[in-house]
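Source file: upload.csv (CSV, C-alpha atoms)
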chain,number,residue,atom,x,y,z
A,1,MET,CA,-6.7,-2.0,11.7
A,2,ASP,CA,-3.0,-1.5,11.0
A,3,SER,CA,-2.7,-3.8,8.0
A,4,GLU,CA,-4.4,-2.0,5.2
A,5,TYR,CA,-1.1,-0.6,3.9
A,6,LEU,CA,-0.1,-4.1,2.8
A,7,LEU,CA,-2.6,-3.6,-0.1
A,8,ASP,CA,-1.6,0.0,-0.9
A,9,PRO,CA,-0.3,0.5,-4.5
A,10,PHE,CA,2.4,2.9,-3.3
A,11,TYR,CA,3.6,0.4,-0.7
A,12,LEU,CA,3.7,-2.3,-3.3
A,13,GLN,CA,6.0,-0.1,-5.4
A,14,HIS,CA,8.4,-0.1,-2.5
A,15,ARG,CA,8.1,-3.9,-2.1
A,16,GLU,CA,8.9,-4.3,-5.8
A,17,GLY,CA,12.1,-2.3,-5.5
A,18,ARG,CA,11.0,1.1,-6.6
A,19,GLY,CA,14.2,3.2,-6.2
A,20,GLY,CA,13.0,6.8,-6.6
A,21,GLY,CA,10.9,9.1,-8.7
A,22,VAL,CA,7.4,10.3,-8.9
A,23,GLU,CA,4.2,8.2,-9.5
A,24,ARG,CA,0.5,9.0,-9.6
A,25,LEU,CA,-1.7,6.6,-7.9
A,26,ALA,CA,-4.0,6.4,-10.9
A,27,ASN,CA,-1.1,5.3,-13.1
A,28,ILE,CA,0.0,2.3,-10.9
A,29,ALA,CA,-3.2,1.2,-9.2
A,30,PRO,CA,-4.8,-2.1,-10.3
A,31,ASP,CA,-7.5,-1.9,-13.0
A,32,ARG,CA,-10.3,-2.5,-10.6
A,33,PHE,CA,-8.8,-0.5,-7.7
A,34,ARG,CA,-11.8,1.8,-7.2
A,35,ARG,CA,-14.2,-1.2,-7.2
A,36,SER,CA,-12.2,-3.3,-4.7
A,37,GLU,CA,-13.2,-3.9,-1.1
A,38,TYR,CA,-9.9,-2.3,0.0
A,39,TYR,CA,-10.9,0.9,-1.8
A,40,ARG,CA,-14.5,0.9,-0.4
A,41,ASN,CA,-13.6,-0.1,3.1
A,42,TYR,CA,-10.3,1.8,3.6
A,43,TYR,CA,-9.0,4.1,0.9
A,44,ARG,CA,-12.3,6.0,0.3
A,45,GLN,CA,-12.3,6.9,4.0
A,46,THR,CA,-9.1,9.0,3.5
A,47,THR,CA,-11.3,11.3,1.4
A,48,LEU,CA,-8.5,11.5,-1.2
A,49,ILE,CA,-9.6,11.8,-4.8
A,50,ASP,CA,-6.1,12.0,-6.3
A,51,GLU,CA,-2.6,11.2,-4.9
A,52,ILE,CA,1.0,11.6,-6.1
A,53,ALA,CA,4.0,10.0,-4.3
A,54,ILE,CA,7.7,10.9,-4.5
A,55,PHE,CA,9.9,7.9,-3.7
A,56,ALA,CA,13.4,7.9,-2.3
A,57,ARG,CA,15.3,4.6,-1.5
A,58,ILE,CA,17.7,5.2,1.4
A,59,SER,CA,18.6,1.6,2.0
A,60,PRO,CA,17.8,-1.8,0.5
A,61,VAL,CA,14.8,-2.2,2.9
A,62,ILE,CA,13.8,1.5,3.5
A,63,THR,CA,11.9,3.6,1.0
A,64,LEU,CA,10.7,7.1,1.9
A,65,THR,CA,7.4,8.1,0.3
A,66,ALA,CA,6.2,11.7,0.4
A,67,CYS,CA,2.6,11.9,-0.7
A,68,LEU,CA,0.7,14.8,-2.1
A,69,GLY,CA,-3.0,14.5,-2.1
A,70,LYS,CA,-6.2,16.2,-3.3
A,71,ASP,CA,-9.2,15.5,-1.2
A,72,ARG,CA,-12.9,15.9,-1.8
A,73,SER,CA,-12.9,19.4,-0.5
A,74,SER,CA,-10.6,20.5,-3.4
A,75,GLY,CA,-13.2,19.1,-5.9
A,76,THR,CA,-10.4,18.5,-8.5
A,77,ARG,CA,-7.6,16.2,-9.4
A,78,PHE,CA,-4.1,17.1,-10.1
A,79,LEU,CA,-3.8,18.8,-13.5
A,80,PRO,CA,-1.5,17.1,-16.1
A,81,ARG,CA,0.8,20.2,-15.9
A,82,GLU,CA,1.2,19.8,-12.2
A,83,PHE,CA,2.1,16.1,-12.4
A,84,ASN,CA,4.4,16.8,-15.3
A,85,ALA,CA,6.2,19.5,-13.4
A,86,LEU,CA,6.9,17.1,-10.5
A,87,LYS,CA,8.1,14.4,-13.1
A,88,ARG,CA,10.5,16.9,-14.5
A,89,TYR,CA,12.2,17.3,-11.1
A,90,GLU,CA,11.7,13.8,-9.8
A,91,ALA,CA,15.5,13.0,-9.7
A,92,THR,CA,16.1,16.2,-7.7
A,93,LEU,CA,13.2,15.6,-5.4
A,94,SER,CA,14.3,12.1,-4.7
A,95,ALA,CA,17.9,13.1,-4.2
A,96,LEU,CA,16.9,15.9,-1.7
A,97,MET,CA,14.9,13.3,0.3
A,98,GLU,CA,17.7,10.8,0.3
A,99,THR,CA,20.2,13.5,1.4
A,100,HIS,CA,17.9,14.7,4.2
A,101,TRP,CA,17.2,11.2,5.5
A,102,ARG,CA,20.7,9.7,4.9
A,103,GLY,CA,21.7,7.5,7.8
A,104,TYR,CA,18.1,7.1,9.1
A,105,GLN,CA,17.4,3.9,10.9
A,106,PRO,CA,14.1,2.9,12.5
A,107,ALA,CA,14.1,2.8,16.3
A,108,GLN,CA,14.0,-1.0,16.3
A,109,GLY,CA,16.7,-1.3,13.8
A,110,THR,CA,16.6,-2.6,10.2
A,111,PRO,CA,14.0,-5.3,9.9
A,112,ALA,CA,14.8,-8.7,8.6
A,113,GLN,CA,13.5,-9.6,5.2
A,114,ALA,CA,10.2,-11.4,5.7
A,115,MET,CA,9.0,-14.3,3.6
A,116,PRO,CA,6.6,-13.3,0.9
A,117,LEU,CA,3.2,-12.0,2.0
A,118,SER,CA,1.3,-14.7,0.1
A,119,GLN,CA,3.2,-17.4,2.1
A,120,ARG,CA,2.6,-15.7,5.4
A,121,LEU,CA,-1.1,-15.5,4.5
A,122,GLN,CA,-1.2,-19.2,3.6
A,123,HIS,CA,0.3,-20.1,7.0
A,124,LYS,CA,-2.0,-17.8,9.0
A,125,LEU,CA,-5.2,-18.9,7.1
A,126,ALA,CA,-4.3,-22.6,7.7
A,127,GLY,CA,-3.5,-22.0,11.4
A,128,GLU,CA,-6.6,-19.9,12.2
A,129,HIS,CA,-9.2,-21.3,9.9
A,130,GLY,CA,-7.8,-24.7,8.8
A,131,VAL,CA,-8.0,-23.5,5.2
A,132,GLN,CA,-5.1,-24.9,3.0
A,133,LEU,CA,-4.4,-22.7,0.0
A,134,SER,CA,-1.9,-23.5,-2.7
A,135,PRO,CA,0.8,-20.9,-3.3
A,136,ARG,CA,-1.0,-19.8,-6.5
A,137,GLN,CA,-4.3,-19.5,-4.7
A,138,ALA,CA,-2.8,-17.3,-2.0
A,139,GLU,CA,-1.2,-15.1,-4.7
A,140,VAL,CA,-4.5,-14.8,-6.5
A,141,ALA,CA,-6.2,-13.9,-3.2
A,142,LEU,CA,-3.9,-11.0,-2.6
A,143,TYR,CA,-4.3,-9.7,-6.2
A,144,ILE,CA,-8.1,-9.8,-5.7
A,145,LEU,CA,-7.8,-7.9,-2.5
A,146,ARG,CA,-5.7,-5.2,-4.1
A,147,GLY,CA,-8.3,-4.7,-6.9
A,148,HIS,CA,-7.0,-6.6,-9.9
A,149,SER,CA,-9.4,-8.1,-12.5
A,150,SER,CA,-8.9,-11.7,-13.6
A,151,GLN,CA,-7.2,-10.4,-16.8
A,152,SER,CA,-4.9,-8.2,-14.8
A,153,ILE,CA,-4.0,-11.0,-12.4
A,154,GLY,CA,-3.3,-13.3,-15.4
A,155,LYS,CA,-1.0,-10.7,-16.9
A,156,ALA,CA,0.9,-10.3,-13.6
A,157,LEU,CA,1.3,-14.0,-13.1
A,158,GLY,CA,1.8,-15.0,-16.7
A,159,ILE,CA,-1.3,-17.2,-16.9
A,160,SER,CA,-4.6,-16.8,-18.8
A,161,GLY,CA,-7.6,-15.0,-17.4
A,162,GLN,CA,-9.5,-18.3,-17.6
A,163,THR,CA,-6.9,-20.0,-15.5
A,164,VAL,CA,-7.2,-17.2,-13.0
A,165,LYS,CA,-11.0,-17.7,-12.9
A,166,VAL,CA,-10.4,-21.4,-12.0
A,167,PHE,CA,-8.1,-20.4,-9.2
A,168,ARG,CA,-10.7,-17.8,-8.0
A,169,ARG,CA,-13.4,-20.5,-7.9
A,170,GLN,CA,-11.1,-22.8,-6.0
A,171,LEU,CA,-10.2,-20.1,-3.6
A,172,TYR,CA,-13.8,-19.1,-2.9
A,173,ALA,CA,-14.8,-22.7,-2.4
A,174,LYS,CA,-11.9,-23.4,0.0
A,175,CYS,CA,-12.7,-20.2,2.0
A,176,ALA,CA,-16.4,-20.9,1.9
A,177,VAL,CA,-17.2,-17.4,0.5
A,178,SER,CA,-19.1,-16.3,-2.6
A,179,SER,CA,-18.0,-12.7,-3.1
A,180,GLN,CA,-15.0,-10.4,-3.0
A,181,ALA,CA,-16.6,-8.7,0.0
A,182,GLN,CA,-16.7,-11.9,2.0
A,183,LEU,CA,-13.2,-12.8,1.0
A,184,PHE,CA,-12.0,-9.4,2.1
A,185,ALA,CA,-13.8,-9.8,5.4
A,186,LEU,CA,-12.2,-13.1,6.0
A,187,LEU,CA,-8.6,-12.2,5.0
A,188,LEU,CA,-8.1,-8.6,6.0
A,189,PRO,CA,-8.1,-9.4,9.8
A,190,LEU,CA,-5.4,-12.1,9.1
A,191,LEU,CA,-3.2,-9.5,7.4
A,192,THR,CA,-3.1,-7.6,10.7
A,193,GLY,CA,-0.6,-10.1,12.2
A,194,LEU,CA,1.4,-10.1,9.0
A,195,THR,CA,2.4,-6.4,9.1
A,196,GLU,CA,5.9,-5.3,8.3
A,197,SER,CA,7.9,-2.4,9.5
A,198,HIS,CA,9.6,-1.8,6.1
What is this file in structure tokens?
Amino acid sequence: MDSEYLLDPFYLQHREGRGGGVERLANIAPDRFRRSEYYRNYYRQTTLIDEIAIFARISPVITLTACLGKDRSSGTRFLPREFNALKRYEATLSALMETHWRGYQPAQGTPAQAMPLSQRLQHKLAGEHGVQLSPRQAEVALYILRGHSSQSIGKALGISGQTVKVFRRQLYAKCAVSSQAQLFALLLPLLTGLTESH
């Protein structure tokens, strides 16, 4: 599939306006990332056990991301001193990337800003399966797919963990699923048609 990146923590950093700098996946991933269906069905197949990204924003809608990874063959994660060395030079690294790629435009031109992913998911789910989610239920669905716990979702949305559990039950009932794995199987194919080029 070509839609998995929509759930990727580094991609979400771009969508949330990350300008530049260095981030370690372990520091920005959701609290249940390694237990999520996204991780089990996609990310684990990359064989990466640790990943660091250098970000550079070259336009309001284009962020460059250079990723450094350690895979299973290395048998080790990045050492704190290695990550700290990159952090010390993050402004320089981002500036070098921005300078090198200044003026870059994708072949199809700069994409138009799309409506939020949760709204696009709502429309697609209604059109293809007749399932009508509320805006909040669609948001909760995406957070679940990304690997957030109820407490983490509540913090992100400014609601209690108990309220999130209510939305989760409603979501599962509307989608006629009983597990995160079933929700993932239903929704990930829908994300394929919602991909973005930025």
Quiz prompt | Point-to-point distance from CA of Ile144 in chain A to CA of Pro30 in chain A, Å rounded to tenths | solution =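 If I compute the distance from CA of Ile144 in chain A to CA of Pro30 in chain A, I get 9.6 Å.
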Residues within 8 Å of range 182-193 of chain A, all atoms listed in the file, excluding chain neighbours under 6 positions, as a compact mmCIF listing (two decimals) with C-alpha atoms, keeping the file's coordinate frame:
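Result went into selection.txt, see below:
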# COMPACT_ATOMS: atom_id res chain seq x y z
CA MET A 1 -6.70 -2.00 11.70
CA ASP A 2 -3.00 -1.50 11.00
CA SER A 3 -2.70 -3.80 8.00
CA GLU A 4 -4.40 -2.00 5.20
CA LEU A 6 -0.10 -4.10 2.80
CA GLU A 37 -13.20 -3.90 -1.10
CA TYR A 38 -9.90 -2.30 0.00
CA LEU A 121 -1.10 -15.50 4.50
CA LYS A 124 -2.00 -17.80 9.00
CA LEU A 125 -5.20 -18.90 7.10
CA LEU A 145 -7.80 -7.90 -2.50
CA TYR A 172 -13.80 -19.10 -2.90
CA CYS A 175 -12.70 -20.20 2.00
Practice problem: Would you be able to write out as a VMD selection string which residues have an atom within 12 Å of (-5.7, -10.8, -5.7) in the file's coordinates, counting all atoms listed in the file? | Solution: chain A and resid 7 30 to 33 36 to 38 117 to 118 136 to 154 156 to 157 164 to 165 167 to 168 171 to 172 180 183 to 184 187
Exercise. Please work out which residues fall within 8 Å of (13.0, 13.1, -7.4), coordinates as given in the file, with all atoms listed in the file counting, and return them as a ChimeraX atom specification.
Key: /A:20-22,54-56,86-87,89-97
Quiz item: Smallest atom-to-atom distance to Phe10 in chain A: which of A:Thr46, A:Thr65, A:Asn41, A:Ser74, using all atoms listed in the file?
Solution: A:Thr65
Self-check item: Selection near Cys67 in chain A, 7 Å with only C-alpha atoms, sequence-local residues under 5 positions removed, as a list in words
Solution: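 The residues satisfying every condition are Glu51, Ile52, Ala53 and Ile54 of chain A.
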Self-check item: A:Ser134, A:Gly127, A:Pro80, A:Ala181 ranked by distance to Arg35 in chain A, top pick (using all atoms listed in the file)
Solution: A:Ala181
Quiz item: Distance CA of Arg24 in chain A-CA of Gln45 in chain A, one decimal place?
Solution: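 Distance between the two atoms: 18.8 Å.
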Practice problem: Identify which of the residues A:Arg34, A:His14, A:Ala26, A:Val131 lies closest to Val61 in chain A, counting all atoms listed in the file when measuring atom-to-atom distances. | Solution: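 Ranked by minimum distance to Val61 in chain A, first place goes to A:His14.
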Quiz prompt | From A:Gly161, A:Pro135, A:Pro60, A:Pro106, residue lying nearest Gln119 in chain A [all atoms listed in the file] | solution =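 Among the listed residues, A:Pro135 lies closest to Gln119 in chain A.
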Quiz prompt | Top pick for closest residue to Thr63 in chain A, considering A:Arg102, A:His123, A:His129, A:Arg169 and counting only C-alpha atoms | solution = A:Arg102
Practice problem: State, in Å with one decimal place, the distance from CA of Ile62 in chain A to CA of Arg15 in chain A. | Solution: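 CA of Arg15 in chain A lies 9.6 Å from CA of Ile62 in chain A.
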Self-check item: All residues 8 Å or closer to Gln132 in chain A, all atoms listed in the file, same chain fewer than 3 positions away omitted, as a PyMOL selection string
Solution: chain A and resi 122+125-126+174
Quiz prompt | Nearest to Asn84 in chain A by atom-to-atom distance, counting all atoms listed in the file, from A:Tyr104, A:Arg120, A:Ala66, A:Glu23 | solution =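 Residue with the minimum atom-to-atom distance to Asn84 in chain A: A:Glu23.
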